[in-house]
>>> print(open('structure26.pdb').read())   # PDB, C-alpha atoms, pLDDT in the B column
ATOM      1  CA  MET A   1      -4.497  19.500  52.978  1.00 62.00           C
ATOM      2  CA  LEU A   2      -2.129  17.119  51.173  1.00 69.00           C
ATOM      3  CA  ARG A   3       0.285  20.021  50.543  1.00 69.00           C
ATOM      4  CA  LEU A   4       0.845  20.318  54.279  1.00 76.00           C
ATOM      5  CA  LEU A   5       1.991  16.677  54.491  1.00 84.00           C
ATOM      6  CA  ILE A   6       4.391  16.637  51.490  1.00 87.00           C
ATOM      7  CA  ARG A   7       7.769  18.366  51.787  1.00 88.00           C
ATOM      8  CA  ASP A   8       8.820  17.895  48.116  1.00 90.00           C
ATOM      9  CA  ILE A   9       8.551  15.622  45.062  1.00 89.00           C
ATOM     10  CA  THR A  10      11.500  14.754  42.839  1.00 91.00           C
ATOM     11  CA  VAL A  11      10.820  13.387  39.347  1.00 92.00           C
ATOM     12  CA  GLU A  12      13.296  11.012  37.728  1.00 91.00           C
ATOM     13  CA  LYS A  13      12.896   9.781  34.150  1.00 89.00           C
ATOM     14  CA  LEU A  14      14.207   6.307  33.387  1.00 84.00           C
ATOM     15  CA  LEU A  15      16.110   6.486  30.103  1.00 80.00           C
ATOM     16  CA  ASP A  16      15.708   2.879  28.967  1.00 80.00           C
ATOM     17  CA  GLN A  17      11.976   2.671  29.723  1.00 83.00           C
ATOM     18  CA  ARG A  18       8.930   4.857  29.203  1.00 85.00           C
ATOM     19  CA  GLN A  19       8.506   5.458  32.938  1.00 90.00           C
ATOM     20  CA  LEU A  20       8.859   8.165  35.555  1.00 92.00           C
ATOM     21  CA  VAL A  21       9.760   7.601  39.191  1.00 92.00           C
ATOM     22  CA  LEU A  22       8.265  10.101  41.644  1.00 92.00           C
ATOM     23  CA  HIS A  23      10.266  10.371  44.890  1.00 93.00           C
ATOM     24  CA  VAL A  24       7.850  11.778  47.487  1.00 92.00           C
ATOM     25  CA  ARG A  25       9.416  13.113  50.694  1.00 92.00           C
ATOM     26  CA  TRP A  26       6.905  13.608  53.517  1.00 90.00           C
ATOM     27  CA  GLN A  27       7.096  16.204  56.319  1.00 87.00           C
ATOM     28  CA  GLY A  28       7.885  13.480  58.855  1.00 86.00           C
ATOM     29  CA  GLY A  29      11.026  12.442  56.903  1.00 87.00           C
ATOM     30  CA  ALA A  30       9.683   9.278  55.236  1.00 91.00           C
ATOM     31  CA  CYS A  31      10.191   8.737  51.454  1.00 92.00           C
ATOM     32  CA  ASN A  32       8.071   6.835  48.972  1.00 92.00           C
ATOM     33  CA  ASP A  33       8.801   5.990  45.354  1.00 93.00           C
ATOM     34  CA  ILE A  34       5.910   5.873  42.869  1.00 92.00           C
ATOM     35  CA  THR A  35       6.471   4.529  39.338  1.00 92.00           C
ATOM     36  CA  VAL A  36       4.306   6.074  36.623  1.00 91.00           C
ATOM     37  CA  ASN A  37       4.081   4.739  33.038  1.00 90.00           C
ATOM     38  CA  LEU A  38       4.271   7.413  30.353  1.00 88.00           C
ATOM     39  CA  PRO A  39       1.706   7.307  27.537  1.00 85.00           C
ATOM     40  CA  ARG A  40       2.897   6.251  24.115  1.00 79.00           C
ATOM     41  CA  PRO A  41       3.716   9.027  21.628  1.00 79.00           C
ATOM     42  CA  VAL A  42       0.833   9.883  19.295  1.00 77.00           C
ATOM     43  CA  ALA A  43       2.737   8.674  16.236  1.00 73.00           C
ATOM     44  CA  GLU A  44       3.345   5.307  17.889  1.00 72.00           C
ATOM     45  CA  ALA A  45      -0.249   5.024  19.076  1.00 70.00           C
ATOM     46  CA  ILE A  46      -1.633   5.373  15.547  1.00 74.00           C
ATOM     47  CA  ARG A  47       1.107   3.341  13.822  1.00 80.00           C
ATOM     48  CA  CYS A  48      -0.109   0.223  12.078  1.00 84.00           C
ATOM     49  CA  PRO A  49       0.750  -2.925  14.073  1.00 87.00           C
ATOM     50  CA  ALA A  50       3.601  -5.050  12.753  1.00 88.00           C
ATOM     51  CA  ALA A  51       1.296  -8.056  12.362  1.00 90.00           C
ATOM     52  CA  ILE A  52      -0.910  -6.172   9.887  1.00 91.00           C
ATOM     53  CA  VAL A  53       2.124  -4.846   7.995  1.00 92.00           C
ATOM     54  CA  GLU A  54       3.432  -8.397   7.612  1.00 93.00           C
ATOM     55  CA  GLN A  55       0.001  -9.597   6.515  1.00 93.00           C
ATOM     56  CA  VAL A  56      -0.130  -6.859   3.860  1.00 93.00           C
ATOM     57  CA  ARG A  57       3.405  -7.838   2.787  1.00 93.00           C
ATOM     58  CA  GLY A  58       2.321 -11.462   2.352  1.00 92.00           C
ATOM     59  CA  LEU A  59      -0.960 -10.659   0.615  1.00 92.00           C
ATOM     60  CA  SER A  60       0.643  -8.172  -1.780  1.00 89.00           C
ATOM     61  CA  GLN A  61       2.568 -10.979  -3.451  1.00 87.00           C
ATOM     62  CA  ARG A  62      -0.650 -12.380  -4.936  1.00 85.00           C
ATOM     63  CA  LEU A  63      -3.439  -9.788  -4.502  1.00 87.00           C
ATOM     64  CA  SER A  64      -4.045  -6.258  -5.715  1.00 84.00           C
ATOM     65  CA  ASP A  65      -4.482  -3.390  -3.247  1.00 87.00           C
ATOM     66  CA  LEU A  66      -8.277  -3.460  -3.523  1.00 87.00           C
ATOM     67  CA  GLN A  67      -8.324  -7.207  -2.942  1.00 89.00           C
ATOM     68  CA  ILE A  68      -6.113  -6.715   0.156  1.00 92.00           C
ATOM     69  CA  VAL A  69      -8.593  -4.138   1.491  1.00 92.00           C
ATOM     70  CA  ALA A  70     -11.474  -6.578   0.981  1.00 92.00           C
ATOM     71  CA  HIS A  71      -9.516  -9.432   2.588  1.00 93.00           C
ATOM     72  CA  LEU A  72      -8.553  -7.473   5.720  1.00 94.00           C
ATOM     73  CA  ASN A  73     -12.063  -6.082   6.174  1.00 93.00           C
ATOM     74  CA  GLN A  74     -13.577  -9.541   5.655  1.00 94.00           C
ATOM     75  CA  GLU A  75     -11.375 -10.865   8.475  1.00 92.00           C
ATOM     76  CA  GLY A  76     -12.752  -8.108  10.699  1.00 91.00           C
ATOM     77  CA  LEU A  77      -9.403  -6.364  11.156  1.00 90.00           C
ATOM     78  CA  ARG A  78      -9.437  -2.640  11.870  1.00 90.00           C
ATOM     79  CA  SER A  79      -6.962   0.201  11.526  1.00 87.00           C
ATOM     80  CA  PRO A  80      -5.305   1.711  14.625  1.00 84.00           C
ATOM     81  CA  HIS A  81      -8.144   4.271  14.619  1.00 83.00           C
ATOM     82  CA  GLY A  82     -10.709   1.451  14.753  1.00 87.00           C
ATOM     83  CA  LYS A  83     -11.949   2.040  11.202  1.00 90.00           C
ATOM     84  CA  PRO A  84     -12.226  -0.448   8.327  1.00 93.00           C
ATOM     85  CA  PHE A  85      -9.286  -0.483   5.942  1.00 92.00           C
ATOM     86  CA  THR A  86      -9.422   1.640   2.781  1.00 92.00           C
ATOM     87  CA  LEU A  87      -7.387   1.689  -0.410  1.00 91.00           C
ATOM     88  CA  ALA A  88      -5.516   4.792   0.769  1.00 91.00           C
ATOM     89  CA  MET A  89      -4.495   3.032   4.001  1.00 91.00           C
ATOM     90  CA  ILE A  90      -3.104   0.028   2.138  1.00 92.00           C
ATOM     91  CA  LYS A  91      -1.225   2.269  -0.297  1.00 91.00           C
ATOM     92  CA  TRP A  92       0.266   4.195   2.641  1.00 91.00           C
ATOM     93  CA  ILE A  93       1.366   0.966   4.364  1.00 92.00           C
ATOM     94  CA  ARG A  94       2.989  -0.219   1.127  1.00 91.00           C
ATOM     95  CA  TYR A  95       4.752   3.139   0.710  1.00 91.00           C
ATOM     96  CA  LYS A  96       5.820   3.476   4.348  1.00 89.00           C
ATOM     97  CA  TYR A  97       7.239  -0.047   4.634  1.00 91.00           C
ATOM     98  CA  ALA A  98       8.563  -0.307   1.032  1.00 92.00           C
ATOM     99  CA  ILE A  99       6.300  -3.213   0.069  1.00 92.00           C
ATOM    100  CA  PRO A 100       6.604  -3.756  -3.697  1.00 89.00           C
ATOM    101  CA  PRO A 101       3.424  -3.748  -5.812  1.00 79.00           C
ATOM    102  CA  THR A 102       1.787  -6.892  -7.065  1.00 77.00           C
ATOM    103  CA  CYS A 103       2.751  -7.878 -10.577  1.00 74.00           C
ATOM    104  CA  LEU A 104      -0.383  -9.244 -12.245  1.00 72.00           C
ATOM    105  CA  MET A 105       1.345  -9.468 -15.599  1.00 74.00           C
ATOM    106  CA  ARG A 106       1.923 -12.903 -17.105  1.00 76.00           C
ATOM    107  CA  ARG A 107       5.262 -13.900 -18.594  1.00 78.00           C
ATOM    108  CA  ASP A 108       3.955 -13.676 -22.151  1.00 79.00           C
ATOM    109  CA  GLU A 109       2.517 -10.165 -21.704  1.00 80.00           C
ATOM    110  CA  LEU A 110       3.812  -6.632 -22.166  1.00 83.00           C
ATOM    111  CA  THR A 111       2.666  -3.236 -20.925  1.00 84.00           C
ATOM    112  CA  VAL A 112       1.528  -0.488 -23.295  1.00 86.00           C
ATOM    113  CA  GLN A 113       4.865   1.259 -23.036  1.00 88.00           C
ATOM    114  CA  GLN A 114       6.859  -1.951 -23.535  1.00 87.00           C
ATOM    115  CA  LEU A 115       4.892  -2.922 -26.645  1.00 87.00           C
ATOM    116  CA  ALA A 116       5.145   0.585 -28.099  1.00 90.00           C
ATOM    117  CA  LYS A 117       8.897   0.649 -27.476  1.00 92.00           C
ATOM    118  CA  ARG A 118       9.418  -2.819 -28.927  1.00 89.00           C
ATOM    119  CA  LEU A 119       7.480  -1.980 -32.103  1.00 90.00           C
ATOM    120  CA  ARG A 120       8.820   1.599 -32.223  1.00 93.00           C
ATOM    121  CA  VAL A 121       5.374   3.189 -32.359  1.00 92.00           C
ATOM    122  CA  SER A 122       3.469   5.640 -30.208  1.00 93.00           C
ATOM    123  CA  THR A 123       1.384   4.390 -27.286  1.00 91.00           C
ATOM    124  CA  HIS A 124      -1.591   5.960 -29.093  1.00 93.00           C
ATOM    125  CA  VAL A 125      -1.074   3.463 -31.923  1.00 91.00           C
ATOM    126  CA  VAL A 126      -1.102   0.598 -29.443  1.00 88.00           C
ATOM    127  CA  TYR A 127      -4.383   1.852 -27.947  1.00 88.00           C
ATOM    128  CA  TYR A 128      -5.767   2.130 -31.478  1.00 91.00           C
ATOM    129  CA  TRP A 129      -4.854  -1.525 -32.054  1.00 88.00           C
ATOM    130  CA  ILE A 130      -6.580  -2.488 -28.824  1.00 85.00           C
ATOM    131  CA  GLU A 131      -9.787  -0.695 -29.742  1.00 86.00           C
ATOM    132  CA  ARG A 132      -9.731  -2.383 -33.172  1.00 86.00           C
ATOM    133  CA  ARG A 133      -8.920  -5.740 -31.505  1.00 82.00           C
ATOM    134  CA  ILE A 134      -5.699  -6.152 -33.463  1.00 84.00           C
ATOM    135  CA  VAL A 135      -3.957  -7.141 -30.215  1.00 82.00           C
ATOM    136  CA  GLU A 136      -5.398  -8.975 -27.197  1.00 81.00           C
ATOM    137  CA  ALA A 137      -5.364  -6.938 -24.016  1.00 83.00           C
ATOM    138  CA  ARG A 138      -6.333  -7.207 -20.362  1.00 79.00           C
ATOM    139  CA  LYS A 139      -6.755  -4.434 -17.788  1.00 75.00           C
ATOM    140  CA  LEU A 140      -7.340  -3.961 -14.075  1.00 65.00           C
ATOM    141  CA  ASP A 141     -10.992  -3.550 -13.118  1.00 63.00           C
ATOM    142  CA  SER A 142     -12.361  -1.392 -10.304  1.00 56.00           C
ATOM    143  CA  ARG A 143     -12.022  -4.264  -7.815  1.00 57.00           C
ATOM    144  CA  GLY A 144      -8.377  -4.875  -8.650  1.00 55.00           C
ATOM    145  CA  GLY A 145      -8.920  -7.994 -10.761  1.00 56.00           C
ATOM    146  CA  VAL A 146      -7.718  -8.385 -14.326  1.00 56.00           C
ATOM    147  CA  VAL A 147     -10.414  -8.527 -17.024  1.00 60.00           C
ATOM    148  CA  ASP A 148     -10.528  -8.658 -20.802  1.00 59.00           C
ATOM    149  CA  TYR A 149     -10.009  -5.267 -22.406  1.00 57.00           C
ATOM    150  CA  ALA A 150     -13.203  -5.591 -24.477  1.00 51.00           C
ATOM    151  CA  GLY A 151     -15.132  -3.411 -22.015  1.00 48.00           C
ATOM    152  CA  HIS A 152     -12.857  -0.423 -22.633  1.00 46.00           C
ATOM    153  CA  GLN A 153     -14.642   2.925 -22.658  1.00 43.00           C
ATOM    154  CA  GLN A 154     -13.154   5.590 -24.858  1.00 39.00           C
ATOM    155  CA  GLY A 155     -12.061   8.737 -23.088  1.00 37.00           C
ATOM    156  CA  THR A 156     -11.177   7.136 -19.743  1.00 36.00           C
ATOM    157  CA  ARG A 157      -7.423   7.500 -19.511  1.00 35.00           C
ATOM    158  CA  THR A 158      -7.219   6.110 -15.967  1.00 33.00           C
ATOM    159  CA  ALA A 159      -8.579   2.758 -17.108  1.00 33.00           C
ATOM    160  CA  ARG A 160      -5.637   2.449 -19.493  1.00 38.00           C
ATOM    161  CA  LEU A 161      -2.890   2.460 -16.871  1.00 41.00           C
ATOM    162  CA  GLY A 162      -2.953  -1.242 -16.014  1.00 52.00           C
ATOM    163  CA  VAL A 163      -3.180  -2.735 -19.486  1.00 58.00           C
ATOM    164  CA  TYR A 164      -1.268  -5.905 -20.346  1.00 57.00           C
ATOM    165  CA  PHE A 165      -0.797  -7.376 -23.804  1.00 54.00           C
ATOM    166  CA  ARG A 166      -0.175 -10.933 -24.806  1.00 56.00           C
ATOM    167  CA  ALA A 167       2.896 -11.123 -26.993  1.00 49.00           C
ATOM    168  CA  PRO A 168       3.046 -14.568 -28.630  1.00 43.00           C
ATOM    169  CA  GLU A 169       5.963 -15.328 -30.908  1.00 43.00           C
ATOM    170  CA  ALA A 170       3.733 -15.948 -33.934  1.00 38.00           C
ATOM    171  CA  ALA A 171       1.910 -12.613 -33.745  1.00 42.00           C
ATOM    172  CA  THR A 172       2.518 -10.262 -36.640  1.00 42.00           C
ATOM    173  CA  PHE A 173       1.370  -6.686 -37.006  1.00 44.00           C
ATOM    174  CA  GLN A 174       0.953  -4.746 -40.218  1.00 41.00           C
ATOM    175  CA  HIS A 175       1.703  -1.059 -39.752  1.00 40.00           C
ATOM    176  CA  SER A 176       3.229   1.590 -41.934  1.00 37.00           C
ATOM    177  CA  THR A 177       6.459   1.581 -39.905  1.00 36.00           C
ATOM    178  CA  VAL A 178       6.425  -1.915 -38.373  1.00 40.00           C
ATOM    179  CA  ARG A 179       6.307  -5.304 -40.051  1.00 38.00           C
ATOM    180  CA  GLY A 180       7.241  -8.632 -38.644  1.00 40.00           C
ATOM    181  CA  ALA A 181       6.920 -10.742 -35.532  1.00 40.00           C
ATOM    182  CA  LEU A 182       7.363  -9.736 -31.934  1.00 44.00           C
TER     183      LEU A 182
END
>>> encode(input="structure26.pdb", output="structure tokens")
Amino acid sequence: MLRLLIRDITVEKLLDQRQLVLHVRWQGGACNDITVNLPRPVAEAIRCPAAIVEQVRGLSQRLSDLQIVAHLNQEGLRSPHGKPFTLAMIKWIRYKYAIPPTCLMRRDELTVQQLAKRLRVSTHVVYYWIERRIVEARKLDSRGGVVDYAGHQQGTRTARLGVYFRAPEAATFQHSTVRGAL
């Protein structure tokens, strides 16, 4: 029945806004304009809000990724899908918005690779020293905190990635190829 009353409809898209204007011309000669808002693109609808990105940026200066997840979920914040935050979501936000990782290393500490390079030994030798408690070491735990390396389990390579070593000036190491202070 409505088709008998409408002569034609012209659609005009506004370039600067996400809107359409429908120009309806009726059989009697009258014209009406109807403005319709377009839905947001899917990518924009599921994009993380800028406020959460900035909060992650601020928290990443002092907290690990797992601690950020716990903090955001404790505040009751949800992802654009309405789900609690996960480690993968926080890592994606940090990647997407180029948020640098948290440095939990102290000034007097070195990584496994740095210590091995400085002493000109293999990283395996450094891990051997850790297991024999020749050097003090800390590592990241499953919650993202830093703990003493005493709880190291042999055979778990992934646990060895975040290891930090204290490198005091007075420390000396006796090794077949290295002698002297750091």
>>> closest_residue(input="structure26.pdb", among="A:Asn37, A:Ile99, A:Glu109, A:Val135", to="Ser60 (chain A)", atoms="all atoms listed in the file")
A:Ile99
>>> atom_distance(input="structure26.pdb", atom1="CA of Leu38 (chain A)", atom2="CA of Val21 (chain A)")
10.4 Å
>>> atom_distance(input="structure26.pdb", atom1="CA of Asn73 (chain A)", atom2="CA of Thr86 (chain A)")
8.8 Å
>>> atom_distance(input="structure26.pdb", atom1="CA of Leu115 (chain A)", atom2="CA of Leu59 (chain A)")
28.9 Å
>>> residues_around(input="structure26.pdb", residues="region 102-106 of chain A", least_positions_apart="4", cutoff="7 Å", atoms="all atoms listed in the file", output="number ranges by chain")
A: 60-64, 164
>>> resolve_selection(input="structure26.pdb", expression="the PyMOL selection byres ((chain A and resi 17) around 12)", output="ChimeraX atom specification")
/A:12-16,18-21,35-40
>>> closest_residue(input="structure26.pdb", among="A:Arg7, A:Ala43, A:Gln114, A:Ile90", to="Trp26 (chain A)", atoms="only C-alpha atoms")
A:Arg7
>>> residues_around(input="structure26.pdb", residues="Ile93 (chain A)", least_positions_apart="4", cutoff="9 Å", atoms="all atoms listed in the file", output="VMD selection string")
chain A and resid 48 53 56 88 to 89 97 to 99
>>> residues_around(input="structure26.pdb", residues="Asp8 (chain A)", least_positions_apart="4", cutoff="9 Å", atoms="only C-alpha atoms", output="tab-separated table (two decimals) with C-alpha atoms, in the frame of the given file")
chain	number	residue	atom	x	y	z
A	23	HIS	CA	10.27	10.37	44.89
A	24	VAL	CA	7.85	11.78	47.49
A	25	ARG	CA	9.42	13.11	50.69
A	26	TRP	CA	6.90	13.61	53.52
A	27	GLN	CA	7.10	16.20	56.32
>>> closest_residue(input="structure26.pdb", among="A:Ser79, A:Thr111, A:Gln67, A:Gln55", to="Lys139 (chain A)", atoms="only C-alpha atoms")
A:Thr111
>>> closest_residue(input="structure26.pdb", among="A:Lys96, A:Lys117, A:Arg107, A:Arg132", to="Arg47 (chain A)", atoms="all atoms listed in the file")
A:Lys96
>>> build_atoms(input="structure26.pdb", residues="region 60-81 of chain A", atoms="N, CA and C atoms", output="PDB file, keeping the file's coordinate frame")
ATOM      1  N   SER A  60       0.311  -8.968  -0.592  1.00 89.00           N
ATOM      2  CA  SER A  60       0.643  -8.172  -1.780  1.00 89.00           C
ATOM      3  C   SER A  60       1.419  -8.971  -2.821  1.00 89.00           C
ATOM      4  N   GLN A  61       1.866 -10.151  -2.474  1.00 87.00           N
ATOM      5  CA  GLN A  61       2.568 -10.979  -3.451  1.00 87.00           C
ATOM      6  C   GLN A  61       1.611 -11.624  -4.444  1.00 87.00           C
ATOM      7  N   ARG A  62       0.305 -11.710  -4.060  1.00 85.00           N
ATOM      8  CA  ARG A  62      -0.650 -12.380  -4.936  1.00 85.00           C
ATOM      9  C   ARG A  62      -1.955 -11.626  -5.148  1.00 85.00           C
ATOM     10  N   LEU A  63      -2.192 -10.538  -4.393  1.00 87.00           N
ATOM     11  CA  LEU A  63      -3.439  -9.788  -4.502  1.00 87.00           C
ATOM     12  C   LEU A  63      -3.173  -8.326  -4.820  1.00 87.00           C
ATOM     13  N   SER A  64      -4.145  -7.693  -5.465  1.00 84.00           N
ATOM     14  CA  SER A  64      -4.045  -6.258  -5.715  1.00 84.00           C
ATOM     15  C   SER A  64      -4.404  -5.502  -4.436  1.00 84.00           C
ATOM     16  N   ASP A  65      -4.191  -4.194  -4.433  1.00 87.00           N
ATOM     17  CA  ASP A  65      -4.482  -3.390  -3.247  1.00 87.00           C
ATOM     18  C   ASP A  65      -5.956  -3.461  -2.853  1.00 87.00           C
ATOM     19  N   LEU A  66      -6.847  -3.384  -3.830  1.00 87.00           N
ATOM     20  CA  LEU A  66      -8.277  -3.460  -3.523  1.00 87.00           C
ATOM     21  C   LEU A  66      -8.665  -4.819  -2.968  1.00 87.00           C
ATOM     22  N   GLN A  67      -8.046  -5.871  -3.462  1.00 89.00           N
ATOM     23  CA  GLN A  67      -8.324  -7.207  -2.942  1.00 89.00           C
ATOM     24  C   GLN A  67      -7.782  -7.352  -1.517  1.00 89.00           C
ATOM     25  N   ILE A  68      -6.658  -6.703  -1.207  1.00 92.00           N
ATOM     26  CA  ILE A  68      -6.113  -6.715   0.156  1.00 92.00           C
ATOM     27  C   ILE A  68      -7.073  -6.005   1.103  1.00 92.00           C
ATOM     28  N   VAL A  69      -7.620  -4.868   0.673  1.00 92.00           N
ATOM     29  CA  VAL A  69      -8.593  -4.138   1.491  1.00 92.00           C
ATOM     30  C   VAL A  69      -9.781  -5.046   1.808  1.00 92.00           C
ATOM     31  N   ALA A  70     -10.323  -5.692   0.785  1.00 92.00           N
ATOM     32  CA  ALA A  70     -11.474  -6.578   0.981  1.00 92.00           C
ATOM     33  C   ALA A  70     -11.127  -7.735   1.915  1.00 92.00           C
ATOM     34  N   HIS A  71      -9.941  -8.297   1.760  1.00 93.00           N
ATOM     35  CA  HIS A  71      -9.516  -9.432   2.588  1.00 93.00           C
ATOM     36  C   HIS A  71      -9.393  -9.028   4.062  1.00 93.00           C
ATOM     37  N   LEU A  72      -8.734  -7.917   4.333  1.00 94.00           N
ATOM     38  CA  LEU A  72      -8.553  -7.473   5.720  1.00 94.00           C
ATOM     39  C   LEU A  72      -9.885  -7.108   6.372  1.00 94.00           C
ATOM     40  N   ASN A  73     -10.759  -6.444   5.620  1.00 93.00           N
ATOM     41  CA  ASN A  73     -12.063  -6.082   6.174  1.00 93.00           C
ATOM     42  C   ASN A  73     -12.941  -7.311   6.385  1.00 93.00           C
ATOM     43  N   GLN A  74     -12.809  -8.306   5.516  1.00 94.00           N
ATOM     44  CA  GLN A  74     -13.577  -9.541   5.655  1.00 94.00           C
ATOM     45  C   GLN A  74     -13.147 -10.305   6.910  1.00 94.00           C
ATOM     46  N   GLU A  75     -11.872 -10.223   7.258  1.00 92.00           N
ATOM     47  CA  GLU A  75     -11.375 -10.865   8.475  1.00 92.00           C
ATOM     48  C   GLU A  75     -11.773 -10.107   9.732  1.00 92.00           C
ATOM     49  N   GLY A  76     -12.323  -8.900   9.553  1.00 91.00           N
ATOM     50  CA  GLY A  76     -12.752  -8.108  10.699  1.00 91.00           C
ATOM     51  C   GLY A  76     -11.640  -7.282  11.322  1.00 91.00           C
ATOM     52  N   LEU A  77     -10.512  -7.162  10.632  1.00 90.00           N
ATOM     53  CA  LEU A  77      -9.403  -6.364  11.156  1.00 90.00           C
ATOM     54  C   LEU A  77      -9.729  -4.883  10.999  1.00 90.00           C
ATOM     55  N   ARG A  78      -9.191  -4.078  11.891  1.00 90.00           N
ATOM     56  CA  ARG A  78      -9.437  -2.640  11.870  1.00 90.00           C
ATOM     57  C   ARG A  78      -8.115  -1.894  11.935  1.00 90.00           C
ATOM     58  N   SER A  79      -8.143  -0.657  11.474  1.00 87.00           N
ATOM     59  CA  SER A  79      -6.962   0.201  11.526  1.00 87.00           C
ATOM     60  C   SER A  79      -6.711   0.618  12.970  1.00 87.00           C
ATOM     61  N   PRO A  80      -5.568   1.236  13.260  1.00 84.00           N
ATOM     62  CA  PRO A  80      -5.305   1.711  14.625  1.00 84.00           C
ATOM     63  C   PRO A  80      -6.359   2.702  15.134  1.00 84.00           C
ATOM     64  N   HIS A  81      -7.075   3.349  14.231  1.00 83.00           N
ATOM     65  CA  HIS A  81      -8.144   4.271  14.619  1.00 83.00           C
ATOM     66  C   HIS A  81      -9.465   3.542  14.842  1.00 83.00           C
TER      67      HIS A  81
END
